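File shown: data26.cif (mmCIF, C-alpha atoms and all ligand atoms).
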```
data_final
loop_
_atom_site.label_atom_id
_atom_site.label_comp_id
_atom_site.auth_asym_id
_atom_site.auth_seq_id
_atom_site.Cartn_x
_atom_site.Cartn_y
_atom_site.Cartn_z
CA MET A 11 9.26 20.62 -2.84
CA THR A 12 10.99 19.75 -6.07
CA ASN A 13 9.96 17.10 -8.49
CA ASN A 14 13.01 15.42 -9.91
CA PRO A 15 12.20 13.78 -13.25
CA GLU A 16 15.34 11.67 -13.07
CA ILE A 17 13.77 9.54 -10.39
CA GLU A 18 10.78 8.68 -12.48
CA ALA A 19 12.86 8.08 -15.55
CA LYS A 20 13.51 4.76 -13.88
CA ASN A 21 16.17 3.27 -16.14
CA ILE A 22 19.89 3.56 -16.72
CA LYS A 23 21.62 1.84 -19.58
CA ASP A 24 24.74 -0.20 -19.04
CA ALA A 25 27.24 0.88 -21.70
CA VAL A 26 28.80 -2.58 -22.04
CA SER A 27 25.82 -4.90 -22.14
CA GLY A 28 23.19 -2.40 -23.29
CA ARG A 29 20.95 -3.68 -20.49
CA GLN A 30 18.50 -1.39 -18.78
CA PHE A 31 18.63 -1.13 -14.99
CA PRO A 32 16.44 0.86 -12.64
CA SER A 33 18.33 3.95 -11.52
CA ASP A 34 17.90 3.53 -7.77
CA ILE A 35 19.78 0.75 -6.05
CA LEU A 36 16.87 -0.53 -3.95
CA SER A 37 14.84 -1.17 -7.10
CA LEU A 38 17.41 -3.66 -8.41
CA THR A 39 16.66 -7.38 -8.18
CA PHE A 40 19.46 -9.65 -6.99
CA ASP A 41 20.23 -10.66 -10.58
CA GLU A 42 20.23 -7.07 -11.80
CA LEU A 43 22.61 -6.06 -9.01
CA THR A 44 24.86 -8.96 -9.97
CA ASP A 45 24.88 -7.83 -13.61
CA LEU A 46 25.48 -4.23 -12.66
CA LEU A 47 28.42 -5.18 -10.44
CA THR A 48 29.99 -7.33 -13.13
CA SER A 49 29.58 -4.53 -15.65
CA LEU A 50 31.48 -2.34 -13.16
CA GLY A 51 34.32 -4.87 -13.12
CA GLU A 52 33.39 -6.48 -9.79
CA PRO A 53 33.13 -10.23 -9.17
CA LYS A 54 29.69 -11.81 -9.19
CA TYR A 55 29.76 -12.84 -5.53
CA ARG A 56 29.80 -9.18 -4.54
CA ALA A 57 26.00 -9.09 -4.96
CA GLY A 58 25.70 -11.66 -2.17
CA GLN A 59 27.65 -9.30 0.10
CA ILE A 60 25.81 -6.14 -0.84
CA PHE A 61 22.15 -7.03 -1.43
CA PRO A 62 21.38 -8.35 2.10
CA GLN A 63 23.01 -5.34 3.72
CA LEU A 64 21.17 -2.87 1.52
CA HIS A 65 17.93 -4.49 2.57
CA ARG A 66 18.90 -4.00 6.21
CA GLY A 67 19.33 -0.27 5.65
CA ILE A 68 23.12 -0.09 5.27
CA THR A 69 24.40 2.26 2.56
CA PRO A 70 27.38 1.07 0.46
CA ASP A 71 29.82 3.46 2.17
CA LYS A 72 28.93 1.94 5.57
CA MET A 73 29.41 -1.66 4.45
CA THR A 74 32.45 -3.15 6.13
CA ASN A 75 32.82 -6.10 3.76
CA ILE A 76 33.39 -4.11 0.56
CA SER A 77 36.13 -1.65 -0.30
CA GLY A 78 35.68 2.09 -0.53
CA SER A 79 36.30 1.97 -4.27
CA THR A 80 33.50 -0.58 -4.81
CA ALA A 81 31.17 1.66 -2.82
CA GLU A 82 32.24 4.66 -4.91
CA LYS A 83 31.68 2.80 -8.19
CA LEU A 84 28.19 1.81 -7.08
CA LYS A 85 27.33 5.29 -5.93
CA SER A 86 28.33 6.76 -9.24
CA ALA A 87 26.34 4.16 -11.21
CA VAL A 88 23.04 4.23 -9.29
CA LEU A 89 21.18 6.40 -6.81
CA CYS A 90 21.89 5.04 -3.31
CA HIS A 91 19.26 6.80 -1.21
CA PHE A 92 17.19 5.46 1.66
CA PRO A 93 14.00 7.27 2.71
CA SER A 94 14.96 9.62 5.56
CA VAL A 95 12.92 10.05 8.74
CA GLU A 96 11.56 13.62 8.55
CA LYS A 97 9.03 13.21 11.34
CA LYS A 98 8.20 10.35 13.67
CA LEU A 99 5.11 10.13 15.85
CA VAL A 100 4.78 7.35 18.42
CA SER A 101 1.34 6.61 19.84
CA ALA A 102 1.22 6.64 23.63
CA VAL A 103 -1.92 4.47 23.38
CA ASP A 104 -0.69 1.44 21.42
CA GLY A 105 2.90 2.04 20.26
CA THR A 106 1.94 2.60 16.60
CA ILE A 107 4.71 4.57 14.88
CA LYS A 108 3.90 6.92 12.06
CA TYR A 109 6.73 8.13 9.86
CA LEU A 110 6.86 11.03 7.47
CA LEU A 111 9.68 9.93 5.14
CA GLY A 112 11.67 12.10 2.78
CA LEU A 113 12.57 10.91 -0.73
CA ALA A 114 15.63 11.83 -2.78
CA ASP A 115 13.76 14.62 -4.61
CA GLY A 116 12.35 16.19 -1.44
CA ASN A 117 8.86 14.72 -1.73
CA CYS A 118 7.38 13.16 1.41
CA ILE A 119 5.32 10.03 2.02
CA GLU A 120 3.85 8.26 5.03
CA THR A 121 4.66 4.86 6.45
CA VAL A 122 3.11 3.32 9.56
CA LEU A 123 4.39 0.52 11.78
CA MET A 124 1.62 -1.18 13.75
CA LYS A 125 2.12 -3.66 16.55
CA TYR A 126 -0.38 -6.48 16.76
CA LYS A 127 -0.39 -9.62 18.88
CA HIS A 128 0.30 -11.65 15.74
CA GLY A 129 3.32 -9.52 14.75
CA ASN A 130 4.37 -6.17 13.37
CA THR A 131 2.79 -4.79 10.24
CA VAL A 132 4.19 -2.02 8.06
CA CYS A 133 1.75 0.00 5.98
CA VAL A 134 3.47 1.42 2.90
CA SER A 135 2.60 4.15 0.40
CA SER A 136 2.74 3.45 -3.33
CA GLN A 137 2.55 6.98 -4.81
CA VAL A 138 3.28 10.56 -3.81
CA GLY A 139 -0.35 11.68 -3.54
CA CYS A 140 -3.16 9.96 -5.40
CA ARG A 141 -5.32 10.73 -8.42
CA MET A 142 -8.31 8.59 -7.51
CA GLY A 143 -10.26 11.42 -5.90
CA CYS A 144 -12.14 9.51 -3.14
CA ALA A 145 -14.28 12.04 -1.26
CA PHE A 146 -13.20 11.03 2.25
CA CYS A 147 -9.46 10.59 1.71
CA ALA A 148 -6.74 13.06 2.68
CA SER A 149 -4.17 11.53 0.31
CA THR A 150 -5.94 12.63 -2.83
CA ILE A 151 -6.54 16.29 -1.97
CA GLY A 152 -3.47 17.60 -3.83
CA GLY A 153 -3.71 14.99 -6.61
CA LYS A 154 -0.90 12.65 -7.66
CA ILE A 155 2.62 14.08 -7.77
CA ARG A 156 4.36 10.95 -9.03
CA ASP A 157 4.62 7.17 -8.75
CA LEU A 158 7.06 5.66 -6.29
CA THR A 159 9.78 3.40 -7.63
CA ALA A 160 9.88 -0.18 -6.33
CA GLY A 161 12.96 0.79 -4.32
CA GLU A 162 11.14 3.68 -2.69
CA ILE A 163 8.32 1.34 -1.60
CA LEU A 164 10.85 -1.19 -0.32
CA GLY A 165 12.85 1.62 1.30
CA GLN A 166 9.86 2.38 3.55
CA VAL A 167 9.95 -1.14 4.99
CA ILE A 168 13.73 -0.97 5.38
CA THR A 169 13.73 2.44 7.07
CA ALA A 170 10.81 1.58 9.40
CA ALA A 171 12.57 -1.64 10.49
CA ALA A 172 16.01 -0.04 10.87
CA ASP A 173 14.75 3.02 12.72
CA SER A 174 12.43 1.17 15.12
CA GLY A 175 14.65 -1.88 15.61
CA GLU A 176 11.46 -3.96 15.16
CA ARG A 177 11.01 -7.04 13.03
CA VAL A 178 8.57 -6.72 10.16
CA ASP A 179 6.20 -9.68 9.87
CA ASN A 180 3.48 -8.37 7.58
CA ILE A 181 3.05 -5.70 4.95
CA VAL A 182 -0.10 -3.88 3.92
CA MET A 183 -0.20 -1.68 0.85
CA MET A 184 -2.76 0.69 2.31
CA GLY A 185 -0.82 3.93 2.59
CA ILE A 186 -0.88 6.90 0.25
CA GLY A 187 -1.69 6.13 -3.38
CA GLU A 188 -3.47 3.50 -5.46
CA PRO A 189 -1.07 0.56 -5.81
CA LEU A 190 -2.68 -0.79 -8.98
CA ASP A 191 -2.26 2.62 -10.61
CA ASN A 192 1.50 2.04 -10.26
CA TYR A 193 1.38 -1.57 -11.32
CA ASP A 194 4.89 -2.39 -12.57
CA ASN A 195 6.69 -0.79 -9.65
CA VAL A 196 4.36 -2.45 -7.15
CA VAL A 197 4.87 -5.89 -8.67
CA ARG A 198 8.64 -5.35 -8.71
CA PHE A 199 8.41 -4.36 -5.04
CA LEU A 200 6.45 -7.54 -4.20
CA ARG A 201 9.21 -9.65 -5.76
CA LEU A 202 11.96 -7.67 -4.00
CA VAL A 203 10.44 -7.88 -0.53
CA ASN A 204 9.90 -11.60 -1.00
CA ASP A 205 13.51 -12.24 -2.13
CA PRO A 206 15.27 -14.80 0.12
CA HIS A 207 18.51 -12.75 -0.11
CA GLY A 208 16.72 -9.79 1.47
CA ILE A 209 13.82 -9.20 3.87
CA CYS A 210 12.00 -12.27 2.59
CA ILE A 211 8.41 -11.65 3.61
CA GLY A 212 6.08 -14.39 2.40
CA TYR A 213 3.36 -13.37 -0.04
CA ARG A 214 0.78 -14.70 2.39
CA HIS A 215 1.87 -11.99 4.79
CA ILE A 216 1.21 -9.22 2.29
CA SER A 217 -2.10 -7.46 1.59
CA LEU A 218 -2.80 -5.01 -1.18
CA SER A 219 -5.70 -2.59 -0.95
CA THR A 220 -7.30 -1.18 -4.09
CA CYS A 221 -10.09 1.27 -4.81
CA GLY A 222 -11.29 -1.16 -7.48
CA HIS A 223 -8.88 -0.87 -10.43
CA VAL A 224 -10.32 -3.81 -12.36
CA ASP A 225 -7.56 -4.09 -14.99
CA GLY A 226 -5.01 -4.17 -12.19
CA ILE A 227 -6.92 -6.82 -10.21
CA ARG A 228 -7.08 -9.03 -13.29
CA ARG A 229 -3.37 -8.60 -14.08
CA LEU A 230 -2.47 -9.33 -10.47
CA ALA A 231 -4.59 -12.48 -10.47
CA ALA A 232 -2.64 -13.68 -13.51
CA GLU A 233 0.72 -13.14 -11.75
CA GLY A 234 -0.33 -15.80 -9.24
CA PHE A 235 1.17 -14.20 -6.11
CA PRO A 236 -0.76 -15.56 -3.14
CA ILE A 237 -1.24 -12.12 -1.61
CA THR A 238 -4.47 -11.01 0.04
CA LEU A 239 -6.56 -8.47 -1.83
CA SER A 240 -8.59 -5.84 0.01
CA LEU A 241 -11.26 -4.06 -1.94
CA SER A 242 -12.33 -0.61 -0.82
CA LEU A 243 -16.04 -0.87 -1.52
CA HIS A 244 -17.70 1.81 0.64
CA ALA A 245 -21.14 1.60 -1.02
CA HIS A 246 -23.58 -1.05 -2.28
CA ASP A 247 -24.98 0.90 -5.24
CA ASP A 248 -23.32 2.56 -8.22
CA GLU A 249 -24.91 5.93 -7.62
CA THR A 250 -23.47 6.36 -4.11
CA ARG A 251 -20.17 4.71 -4.97
CA SER A 252 -19.62 6.93 -8.01
CA ARG A 253 -20.33 9.96 -5.87
CA ILE A 254 -17.74 9.09 -3.21
CA MET A 255 -15.31 7.14 -5.42
CA PRO A 256 -14.93 8.52 -8.98
CA VAL A 257 -13.14 5.30 -10.08
CA ASN A 258 -16.57 3.66 -9.97
CA ARG A 259 -17.57 5.56 -13.12
CA ARG A 260 -14.92 3.58 -14.99
CA TRP A 261 -15.48 0.20 -13.34
CA GLY A 262 -18.87 -0.25 -11.67
CA ILE A 263 -19.67 -2.41 -8.65
CA ASN A 264 -20.72 -5.51 -10.57
CA GLU A 265 -17.57 -5.43 -12.68
CA VAL A 266 -15.30 -5.02 -9.68
CA LEU A 267 -17.03 -7.76 -7.68
CA ALA A 268 -16.74 -10.10 -10.67
CA ALA A 269 -13.00 -9.38 -10.78
CA CYS A 270 -12.75 -10.19 -7.05
CA ARG A 271 -14.60 -13.42 -7.56
CA ASP A 272 -12.20 -14.38 -10.37
CA TYR A 273 -9.17 -13.43 -8.24
CA TRP A 274 -10.37 -15.82 -5.55
CA GLU A 275 -11.05 -18.61 -8.07
CA LYS A 276 -7.56 -18.22 -9.58
CA ASN A 277 -5.45 -18.17 -6.45
CA GLY A 278 -7.72 -19.19 -3.59
CA ARG A 279 -6.84 -16.18 -1.49
CA ARG A 280 -9.37 -14.56 0.78
CA ILE A 281 -10.59 -11.13 -0.23
CA SER A 282 -11.57 -8.61 2.38
CA PHE A 283 -13.83 -5.67 1.78
CA GLU A 284 -13.29 -2.31 3.36
CA TYR A 285 -16.35 -0.22 4.02
CA THR A 286 -15.90 3.29 5.36
CA LEU A 287 -18.96 4.39 7.31
CA ILE A 288 -19.91 7.99 6.51
CA ASN A 289 -22.80 9.49 8.40
CA GLY A 290 -25.74 10.35 6.13
CA GLN A 291 -24.25 8.61 3.08
CA ASN A 292 -23.89 4.84 3.32
CA CYS A 293 -24.57 3.45 6.78
CA THR A 294 -28.24 3.07 7.66
CA ARG A 295 -29.55 -0.35 8.65
CA HIS A 296 -31.21 -0.54 5.23
CA ASP A 297 -27.81 0.08 3.59
CA ALA A 298 -26.47 -2.94 5.50
CA VAL A 299 -29.31 -5.12 4.18
CA LEU A 300 -28.66 -4.00 0.60
CA LEU A 301 -24.90 -4.43 0.99
CA ALA A 302 -25.37 -8.01 2.20
CA GLN A 303 -27.72 -8.73 -0.70
CA LYS A 304 -25.26 -7.28 -3.19
CA LEU A 305 -22.27 -9.23 -1.86
CA ASN A 306 -24.18 -12.49 -1.54
CA SER A 307 -25.68 -12.31 -5.03
CA ALA A 308 -22.50 -11.15 -6.79
CA LEU A 309 -20.00 -13.39 -5.04
CA ARG A 310 -21.65 -16.56 -3.82
CA ARG A 311 -22.66 -18.55 -6.83
CA ASN A 312 -24.76 -21.69 -6.43
CA GLY A 313 -24.46 -21.38 -2.65
CA ASP A 314 -20.67 -21.88 -2.70
CA SER A 315 -18.41 -20.79 0.12
CA PHE A 316 -16.83 -17.57 -1.11
CA PRO A 317 -15.48 -16.17 2.16
CA ILE A 318 -16.79 -12.64 2.65
CA HIS A 319 -15.27 -10.49 5.34
CA VAL A 320 -16.15 -6.83 5.68
CA ASN A 321 -13.97 -4.42 7.65
CA LEU A 322 -16.06 -1.52 8.82
CA ILE A 323 -14.07 1.71 9.16
CA PRO A 324 -15.79 4.66 10.82
CA VAL A 325 -14.62 7.51 8.61
CA ASN A 326 -11.76 9.49 10.09
CA ALA A 327 -12.75 13.10 10.07
CA VAL A 328 -10.43 14.96 7.67
CA LYS A 329 -10.71 18.73 8.08
CA GLU A 330 -11.09 19.41 4.37
CA THR A 331 -13.90 16.90 3.77
CA GLY A 332 -16.29 17.68 6.64
CA LEU A 333 -17.43 14.03 6.69
CA MET A 334 -18.35 12.46 10.02
CA PRO A 335 -18.66 8.87 11.27
CA PRO A 336 -21.99 7.50 12.55
CA SER A 337 -22.61 6.86 16.26
CA GLY A 338 -21.30 3.74 17.99
CA ASP A 339 -24.83 2.29 18.17
CA ASP A 340 -25.40 2.78 14.44
CA ILE A 341 -22.07 1.13 13.67
CA GLU A 342 -22.99 -1.89 15.79
CA ASP A 343 -26.47 -2.12 14.15
CA PHE A 344 -24.83 -2.09 10.73
CA ARG A 345 -22.38 -4.80 11.71
CA ARG A 346 -25.07 -7.02 13.21
CA GLU A 347 -27.26 -6.69 10.14
CA LEU A 348 -24.43 -7.99 7.93
CA GLU A 349 -23.67 -10.89 10.28
CA ARG A 350 -27.34 -11.86 10.32
CA ARG A 351 -27.06 -12.30 6.54
CA GLY A 352 -24.02 -14.56 6.64
CA ILE A 353 -21.33 -11.92 6.23
CA ARG A 354 -18.51 -11.69 8.73
CA ALA A 355 -17.99 -8.10 9.73
CA THR A 356 -15.61 -6.45 12.16
CA VAL A 357 -15.20 -2.82 13.12
CA ARG A 358 -11.62 -1.77 12.54
CA ARG A 359 -9.85 -0.84 15.73
CA ARG A 360 -8.32 2.59 15.35
CA LEU A 361 -4.58 2.30 15.75
CA GLY A 362 -2.63 5.32 16.87
CA PRO A 363 -5.75 7.46 17.50
CA ASP A 364 -3.57 10.12 19.11
CA ILE A 365 -1.18 10.49 16.15
CA ASN A 366 -3.50 10.84 13.18
CA ALA A 367 -2.38 7.43 11.93
CA SER A 368 -4.87 7.17 9.08
CA CYS A 369 -3.85 7.53 5.51
CA GLY A 370 -2.47 10.77 4.16
CA GLN A 371 -3.22 13.07 7.05
CA LEU A 372 0.33 13.65 8.24
CA ARG A 373 1.64 14.39 4.74
CA ARG A 374 -1.36 16.65 4.14
CA ARG A 375 -0.62 18.63 7.30
CA HIS A 376 3.07 18.80 6.43
CA THR A 377 2.28 20.08 2.91
CA VAL A 378 -0.09 22.71 4.28
CA GLU A 379 2.56 23.84 6.82
CA GLU A 380 5.27 24.01 4.12
CA THR A 381 2.96 26.04 1.85
CA LYS A 382 2.20 28.46 4.69
CA LYS A 383 5.94 28.89 5.35
CA ALA A 384 6.53 29.68 1.68
CA ASP A 385 3.74 32.31 1.57
N1 LIG B 401 -5.88 3.30 -2.79
C1 LIG B 401 -6.04 2.13 -1.99
C2 LIG B 401 -5.21 2.09 -0.73
C3 LIG B 401 -5.09 3.32 0.10
S1 LIG B 401 -6.37 3.79 1.19
C4 LIG B 401 -7.51 1.91 -1.69
O1 LIG B 401 -8.33 2.73 -2.06
O2 LIG B 401 -7.84 0.87 -1.14
C5 LIG B 401 -6.53 2.54 2.40
C6 LIG B 401 -7.94 2.45 2.98
O3 LIG B 401 -8.24 3.57 3.85
C7 LIG B 401 -9.01 2.44 1.90
O4 LIG B 401 -10.00 1.50 2.20
C8 LIG B 401 -9.53 3.84 2.00
O5 LIG B 401 -10.79 3.91 1.43
C9 LIG B 401 -9.50 4.10 3.49
N2 LIG B 401 -9.55 5.51 3.88
C10 LIG B 401 -8.96 6.56 3.30
N3 LIG B 401 -9.25 7.70 3.94
C11 LIG B 401 -10.04 7.37 4.97
C12 LIG B 401 -10.67 8.12 6.01
N4 LIG B 401 -10.56 9.45 6.10
N5 LIG B 401 -11.42 7.44 6.91
C13 LIG B 401 -11.54 6.08 6.81
N6 LIG B 401 -10.96 5.34 5.86
C14 LIG B 401 -10.23 5.96 4.94
#
```
Target encoding structure tokens, full file:
Amino acid sequence: MTNNPEIEAKNIKDAVSGRQFPSDILSLTFDELTDLLTSLGEPKYRAGQIFPQLHRGITPDKMTNISGSTAEKLKSAVLCHFPSVEKKLVSAVDGTIKYLLGLADGNCIETVLMKYKHGNTVCVSSQVGCRMGCAFCASTIGGKIRDLTAGEILGQVITAAADSGERVDNIVMMGIGEPLDNYDNVVRFLRLVNDPHGICIGYRHISLSTCGHVDGIRRLAAEGFPITLSLSLHAHDDETRSRIMPVNRRWGINEVLAACRDYWEKNGRRISFEYTLINGQNCTRHDAVLLAQKLNSALRRNGDSFPIHVNLIPVNAVKETGLMPPSGDDIEDFRRELERRGIRATVRRRLGPDINASCGQLRRRHTVEETKKAD
């Protein structure tokens, strides 16, 4: 696997205007594409012909409404690469599709398309690998290789839709990587995917999951996008949380819950909490009582109605971590204890149980296989 620095060196400079553009075509906003085309001697309206097609997965040389020379000019000015399907696993149980996608520099990421009654959801990755170091997570085992560009995040939605022929109704940023550790590219992606000239997914149909990057949560709140925030909490006390999530040593539980509270006050969007249940670490009945106390005292001030919803995720056994989920009865006891204390809690249904659909496992296996081949 190579690591091409040109992809991360995000910008190209237009010789005429001196303007900086991202170097991959899918990262360009509609206005940037317009400016780029005009700097290449093309009329402005060309952007209206090209942008919507790009966002449907059509490369410039396959576009029937532009000339070959326009396509050539574009290809020589910017990188025109769509993530390629390297591996595709379809669940026989529920139709979930898991993709291993290849990037222009040979790195791989995972993207999942899930089919729910209320529509199709695509789960996208935001980085190649992750540097957050959570103890239970397969994505972080080899560390972070690099950030994804906005176009590479968008490209996952485009490729999943084009390959499956399915409509995309919702997006969750819950794949490989910590989205708020790649802030600018993620925010650019949010704007691109919401653009009426392109896929146009409403912000209310987008969720972003974070391990608790407080600076990022606060910046995002200030942007004012009405997207849903999911906080990966996984423990009610700093000692346990710091042990399983090193990010907690930088921003502790009280600080992160205060940022969630402020996010809700600023944009009125519900926040959901993810809580991975790890046997022997964070899921006794007493843990549930303390979790409820923590959430109620930190988030509900003066008895107000801060909506608290906890998603309970029995940990997916990852070979390298040796962590196991609790029994079904213990999970149900935990859930009931939260509900008894005024906290809505649901146990996350496992989608694609037969295809290893949870975060990072397919890429991890692929990397291990590639390394073995090279040895
Ligand atoms: N970095 C972001 C988003 C990626 S992980 C975050 O931390 O939220 C998406 C969710 O899957 C997180 O809640 C994460 O904690 C959880 N997760 C990761 N590995 C898991 C595993 N092996 N079993 C259960 N949940 C896991």
What residues of the protein or nucleic acid chains come within 8 Å of ligand LIG 401 (chain B) when you use only C-alpha atoms and all ligand atoms? Reply as a PyMOL selection string. chain A and resi 135+140+142+144+146-149+183-189+218-222+240-244+284-287+323-328+368-370
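A straight line drawn from atom CA of A:Ala102 to atom CA of A:Asn180 is 22.1 Å long.
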Extract, using all atoms listed in the file, all DNA, RNA and protein residues at most 8 Å from A:Phe235, discarding same-chain residues fewer than 3 positions from it, and format them as a JSON list (two decimals) with C-alpha atoms, keeping the file's coordinate frame.
```json
[["chain", "number", "residue", "atom", "x", "y", "z"],
["A", 213, "TYR", "CA", 3.36, -13.37, -0.04],
["A", 230, "LEU", "CA", -2.47, -9.33, -10.47],
["A", 231, "ALA", "CA", -4.59, -12.48, -10.47],
["A", 277, "ASN", "CA", -5.45, -18.17, -6.45]]
```
Using only C-alpha atoms, determine which residues lie at most 10 Å from A:Gly212, disregarding the query and same-chain residues fewer than 4 positions distant; provide the list as a ChimeraX atom specification. /A:179-181,200-201,203-206,216,235-237
Please identify all polymer residues within 10 Å of A:Gly165, counting all atoms listed in the file, omitting same-chain residues fewer than 4 positions from it, and present them as JSON, numbers by chain. {"A": [36, 37, 64, 65, 66, 67, 91, 92, 93, 94, 111, 113, 134, 159, 160, 161, 169, 170, 171, 199, 203]}
Every residue with an atom at most 10 Å from (9.7, 10.9, 0.6) (file coordinates; only C-alpha atoms) is what I'm after, so could you write them as a list in words? Phe92, Pro93, Ser94, Val95, Glu96, Leu110, Leu111, Gly112, Leu113, Ala114, Asp115, Gly116, Asn117, Cys118, Ile119, Glu120, Thr121, Ser135, Gln137, Val138, Leu158, Glu162, Ile163, Gly165, Gln166 and Arg373 of chain A
Using only C-alpha atoms: which of A:Arg198, A:Arg280, A:Arg359, A:Arg346 has the shortest distance to A:Phe40: A:Arg198
Which residue, A:Ser86, A:Thr356, A:Thr80, A:Ser174, has the smallest gap to A:Asn321 when you use only C-alpha atoms? A:Thr356
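Taking atom CA of A:Pro336 and atom CA of A:Phe316 as endpoints, the distance between them is 29.0 Å.
Nearest-residue note for A:Ala81: choosing from A:Asp297, A:Gly152, A:Leu50, A:Asp104, the minimum distance belongs to A:Leu50, counting only C-alpha atoms.
Note that the spacing between atom CA of A:Glu347 and atom CA of A:His319 amounts to 13.5 Å.
You can rank A:Tyr109, A:Gly362, A:Cys210, A:Arg354 by their closest distance to A:His376 using all atoms listed in the file, and at the top of that list sits A:Tyr109.
Distances from A:Ile281, A:Ala302, A:Cys90, A:Met73 to A:Asp34 were compared using only C-alpha atoms, and the smallest one belongs to A:Cys90.
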Write stretch 340-351 of chain A as a PDB file, keeping the file's coordinate frame, completed to N, CA and C atoms.
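Contents of selection10.pdb, as written:
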```pdb
ATOM      1  N   ASP A 340     -25.090   2.995  15.862  1.00  0.00           N
ATOM      2  CA  ASP A 340     -25.400   2.780  14.440  1.00  0.00           C
ATOM      3  C   ASP A 340     -24.375   1.845  13.797  1.00  0.00           C
ATOM      4  N   ILE A 341     -23.115   1.993  14.217  1.00  0.00           N
ATOM      5  CA  ILE A 341     -22.070   1.130  13.670  1.00  0.00           C
ATOM      6  C   ILE A 341     -22.362  -0.326  14.041  1.00  0.00           C
ATOM      7  N   GLU A 342     -22.722  -0.540  15.304  1.00  0.00           N
ATOM      8  CA  GLU A 342     -22.990  -1.890  15.790  1.00  0.00           C
ATOM      9  C   GLU A 342     -24.240  -2.468  15.086  1.00  0.00           C
ATOM     10  N   ASP A 343     -25.271  -1.662  14.877  1.00  0.00           N
ATOM     11  CA  ASP A 343     -26.470  -2.120  14.150  1.00  0.00           C
ATOM     12  C   ASP A 343     -26.096  -2.568  12.739  1.00  0.00           C
ATOM     13  N   PHE A 344     -25.249  -1.803  12.095  1.00  0.00           N
ATOM     14  CA  PHE A 344     -24.830  -2.090  10.730  1.00  0.00           C
ATOM     15  C   PHE A 344     -24.091  -3.426  10.694  1.00  0.00           C
ATOM     16  N   ARG A 345     -23.189  -3.575  11.645  1.00  0.00           N
ATOM     17  CA  ARG A 345     -22.380  -4.800  11.710  1.00  0.00           C
ATOM     18  C   ARG A 345     -23.277  -6.024  11.928  1.00  0.00           C
ATOM     19  N   ARG A 346     -24.207  -5.884  12.875  1.00  0.00           N
ATOM     20  CA  ARG A 346     -25.070  -7.020  13.210  1.00  0.00           C
ATOM     21  C   ARG A 346     -25.956  -7.425  12.022  1.00  0.00           C
ATOM     22  N   GLU A 347     -26.406  -6.419  11.294  1.00  0.00           N
ATOM     23  CA  GLU A 347     -27.260  -6.690  10.140  1.00  0.00           C
ATOM     24  C   GLU A 347     -26.509  -7.512   9.075  1.00  0.00           C
ATOM     25  N   LEU A 348     -25.239  -7.216   8.890  1.00  0.00           N
ATOM     26  CA  LEU A 348     -24.430  -7.990   7.930  1.00  0.00           C
ATOM     27  C   LEU A 348     -24.247  -9.423   8.434  1.00  0.00           C
ATOM     28  N   GLU A 349     -23.906  -9.557   9.712  1.00  0.00           N
ATOM     29  CA  GLU A 349     -23.670 -10.890  10.280  1.00  0.00           C
ATOM     30  C   GLU A 349     -24.923 -11.757  10.163  1.00  0.00           C
ATOM     31  N   ARG A 350     -26.076 -11.137  10.407  1.00  0.00           N
ATOM     32  CA  ARG A 350     -27.340 -11.860  10.320  1.00  0.00           C
ATOM     33  C   ARG A 350     -27.545 -12.445   8.918  1.00  0.00           C
ATOM     34  N   ARG A 351     -26.902 -11.834   7.930  1.00  0.00           N
ATOM     35  CA  ARG A 351     -27.060 -12.300   6.540  1.00  0.00           C
ATOM     36  C   ARG A 351     -25.838 -13.079   6.045  1.00  0.00           C
TER      37      ARG A 351
END
```
